[in-house]
Amino acid sequence: MEHGRGSRILVIATPLTIREEKLHRLVDQVDEHHLVDLKALPKLVEFAQAGEFESDAVRRYLHEELDGLHPEEYECVVLGCTHFNHFKELIREIFGRDCAVIDGSDGTVRNLAATVSKKGFSSAGHLSIEYYESGKRVTDQEKLDFYRRLLERLDKMEP
């Protein structure tokens, strides 16, 4: 079967995710025509953690890292890191609006809901949200405000 223009899939993720054996096994199972490309974009995590999403530095980084690719060959870009959701609009600028941008947030939320349900928690009572970094509860108001702004940004991203 011959695949023409626009049939490739690009998975962008952190270097750790790209190196994971689990990812490679999954790709090997489904990529019988060798259409999936993997690309590590480590600095996107740094940009996201700094709250920098649309700067010239971010644009330059993405263009430099994706320079060897031909955007018109890709029908889909898979965001393999939750940080990358913040860059959907820039990805669309590079690959075009007709290129699907897929993130794993829905799957992550479903997995969290299943885990919470399995542990016997119920939403019938008082619910609260706590944020943690590296296992430590975040109480700093400035950091909590940053997280709120990140969530507001995600709400504004085009689905």
# chains A, B, ... in the order shown; residues from 1 in each chain; ligands from 1
>>> residues_around(residues="A:Cys99", least_positions_apart="6", cutoff="9 Å", atoms="only C-alpha atoms", output="ChimeraX atom specification")
/A:6,71-72,74-77,92
>>> closest_atom_pairs(of="stretch 48-73 of chain A", to="stretch 133-148 of chain A", cutoff="10 Å", atoms="only C-alpha atoms", output="Markdown table")
| residue | atom | partner | partner_atom | distance |
| --- | --- | --- | --- | --- |
| A:Gln49 | CA | A:Phe146 | CA | 9.4 |
| A:Ala50 | CA | A:Phe146 | CA | 9.5 |
| A:Gly51 | CA | A:Phe146 | CA | 7.9 |
>>> closest_residue(among="A:His70, A:His86, A:Arg19, A:Arg59", to="A:Arg149", atoms="only C-alpha atoms")
A:His86
>>> closest_atom_pairs(of="stretch 26-131 of chain A", to="stretch 152-158 of chain A", cutoff="12 Å", atoms="only C-alpha atoms", output="tab-separated table")
residue	atom	partner	partner_atom	distance
A:Ala48	CA	A:Arg153	CA	11.2
A:Gly51	CA	A:Arg153	CA	10.2
A:Glu52	CA	A:Arg153	CA	11.5
A:Phe53	CA	A:Arg153	CA	9.8
A:Glu54	CA	A:Arg153	CA	11.8
A:Thr82	CA	A:Leu154	CA	10.4
A:His83	CA	A:Leu154	CA	10.1
A:Phe84	CA	A:Leu154	CA	10.4
A:Asn85	CA	A:Leu154	CA	7.2
A:His86	CA	A:Leu154	CA	6.3
A:Phe87	CA	A:Met157	CA	8.8
A:Lys88	CA	A:Met157	CA	7.1
A:Glu89	CA	A:Met157	CA	7.4
A:Leu90	CA	A:Met157	CA	10.9
A:Ile91	CA	A:Met157	CA	11.8
A:Arg92	CA	A:Glu158	CA	10.2
A:Arg97	CA	A:Glu158	CA	10.8
A:Ala100	CA	A:Glu158	CA	11.4
A:Val101	CA	A:Glu158	CA	10.0
A:Ile102	CA	A:Glu158	CA	11.3
A:Asp103	CA	A:Met157	CA	11.6
A:Ser105	CA	A:Leu154	CA	10.6
>>> select_by_dssp(residues="stretch 20-146 of chain A", states="strand (DSSP E or B)", output="MDAnalysis selection string")
chainID A and resid 36:40 74:79 100:103 132:133 136:137
>>> atom_distance(atom1="atom CA of A:Leu10", atom2="atom CA of A:Leu38")
5.9 Å
>>> closest_residue(among="A:Asp98, A:Leu150, A:Ala114, A:Lys39", to="A:Gly68", atoms="only C-alpha atoms")
A:Lys39
>>> closest_residue(among="A:Phe95, A:Glu20, A:Leu62, A:Gly80", to="A:Gly107", atoms="only C-alpha atoms")
A:Gly80
>>> atom_distance(atom1="atom CA of A:Glu73", atom2="atom CA of A:Phe47")
26.8 Å
>>> atom_distance(atom1="atom CA of A:Val58", atom2="atom CA of A:Lys43")
8.6 Å
>>> select_by_dssp(residues="stretch 31-154 of chain A", states="alpha helix (DSSP H)", output="MDAnalysis selection string")
chainID A and resid 42:49 56:65 88:95 105:118 141:154
>>> decode(residues="stretch 49-82 of chain A", atoms="N, CA and C atoms", output="tab-separated table (two decimals), in the first residue's frame")
chain	number	residue	atom	x	y	z
A	49	GLN	N	7.28	25.61	31.90
A	49	GLN	CA	7.47	25.84	33.33
A	49	GLN	C	7.81	27.30	33.64
A	50	ALA	N	8.32	28.00	32.62
A	50	ALA	CA	8.61	29.43	32.80
A	50	ALA	C	7.42	30.30	32.39
A	51	GLY	N	6.34	29.66	31.91
A	51	GLY	CA	5.17	30.40	31.48
A	51	GLY	C	5.38	31.13	30.16
A	52	GLU	N	6.31	30.64	29.36
A	52	GLU	CA	6.66	31.26	28.08
A	52	GLU	C	6.11	30.38	26.95
A	53	PHE	N	5.08	30.87	26.26
A	53	PHE	CA	4.38	30.03	25.30
A	53	PHE	C	4.42	30.53	23.86
A	54	GLU	N	4.52	31.81	23.65
A	54	GLU	CA	4.43	32.33	22.29
A	54	GLU	C	5.55	33.31	21.96
A	55	SER	N	6.61	33.27	22.70
A	55	SER	CA	7.71	34.22	22.49
A	55	SER	C	8.47	33.90	21.22
A	56	ASP	N	9.30	34.84	20.81
A	56	ASP	CA	10.18	34.61	19.65
A	56	ASP	C	11.11	33.44	19.92
A	57	ALA	N	11.57	33.30	21.17
A	57	ALA	CA	12.47	32.20	21.52
A	57	ALA	C	11.77	30.85	21.34
A	58	VAL	N	10.52	30.75	21.73
A	58	VAL	CA	9.77	29.50	21.56
A	58	VAL	C	9.58	29.21	20.07
A	59	ARG	N	9.16	30.21	19.32
A	59	ARG	CA	8.96	30.04	17.88
A	59	ARG	C	10.26	29.62	17.19
A	60	ARG	N	11.35	30.29	17.54
A	60	ARG	CA	12.66	29.97	16.94
A	60	ARG	C	13.04	28.52	17.28
A	61	TYR	N	12.87	28.14	18.55
A	61	TYR	CA	13.20	26.78	18.97
A	61	TYR	C	12.41	25.75	18.17
A	62	LEU	N	11.10	25.94	18.07
A	62	LEU	CA	10.28	24.98	17.33
A	62	LEU	C	10.69	24.91	15.86
A	63	HIS	N	10.91	26.06	15.25
A	63	HIS	CA	11.31	26.06	13.84
A	63	HIS	C	12.66	25.39	13.65
A	64	GLU	N	13.60	25.64	14.54
A	64	GLU	CA	14.92	25.00	14.44
A	64	GLU	C	14.83	23.49	14.62
A	65	GLU	N	14.07	23.06	15.62
A	65	GLU	CA	13.96	21.63	15.91
A	65	GLU	C	13.18	20.86	14.84
A	66	LEU	N	12.22	21.52	14.22
A	66	LEU	CA	11.37	20.84	13.23
A	66	LEU	C	11.80	21.16	11.80
A	67	ASP	N	12.93	21.84	11.66
A	67	ASP	CA	13.40	22.31	10.36
A	67	ASP	C	13.57	21.20	9.32
A	68	GLY	N	14.06	20.06	9.71
A	68	GLY	CA	14.30	18.98	8.75
A	68	GLY	C	13.05	18.24	8.32
A	69	LEU	N	11.94	18.53	8.96
A	69	LEU	CA	10.67	17.86	8.62
A	69	LEU	C	9.94	18.64	7.55
A	70	HIS	N	9.04	17.97	6.88
A	70	HIS	CA	8.19	18.60	5.88
A	70	HIS	C	6.76	18.58	6.41
A	71	PRO	N	6.30	19.70	7.01
A	71	PRO	CA	5.00	19.74	7.67
A	71	PRO	C	3.85	19.22	6.81
A	72	GLU	N	3.91	19.43	5.52
A	72	GLU	CA	2.81	19.00	4.65
A	72	GLU	C	2.70	17.48	4.56
A	73	GLU	N	3.72	16.76	5.00
A	73	GLU	CA	3.68	15.29	4.96
A	73	GLU	C	2.94	14.70	6.16
A	74	TYR	N	2.62	15.54	7.15
A	74	TYR	CA	2.02	15.03	8.38
A	74	TYR	C	0.54	15.32	8.44
A	75	GLU	N	-0.23	14.27	8.69
A	75	GLU	CA	-1.66	14.45	8.90
A	75	GLU	C	-1.99	14.66	10.37
A	76	CYS	N	-1.00	14.36	11.23
A	76	CYS	CA	-1.28	14.37	12.66
A	76	CYS	C	0.00	14.60	13.46
A	77	VAL	N	-0.11	15.42	14.50
A	77	VAL	CA	0.96	15.59	15.48
A	77	VAL	C	0.39	15.18	16.83
A	78	VAL	N	1.05	14.23	17.48
A	78	VAL	CA	0.62	13.74	18.79
A	78	VAL	C	1.50	14.39	19.85
A	79	LEU	N	0.85	15.03	20.81
A	79	LEU	CA	1.56	15.68	21.90
A	79	LEU	C	1.77	14.66	23.01
A	80	GLY	N	2.99	14.22	23.19
A	80	GLY	CA	3.29	13.15	24.13
A	80	GLY	C	3.68	13.64	25.51
A	81	CYS	N	3.38	14.89	25.81
A	81	CYS	CA	3.70	15.46	27.12
A	81	CYS	C	2.62	16.48	27.46
A	82	THR	N	2.14	16.46	28.67
A	82	THR	CA	1.06	17.39	29.05
A	82	THR	C	1.51	18.84	28.96
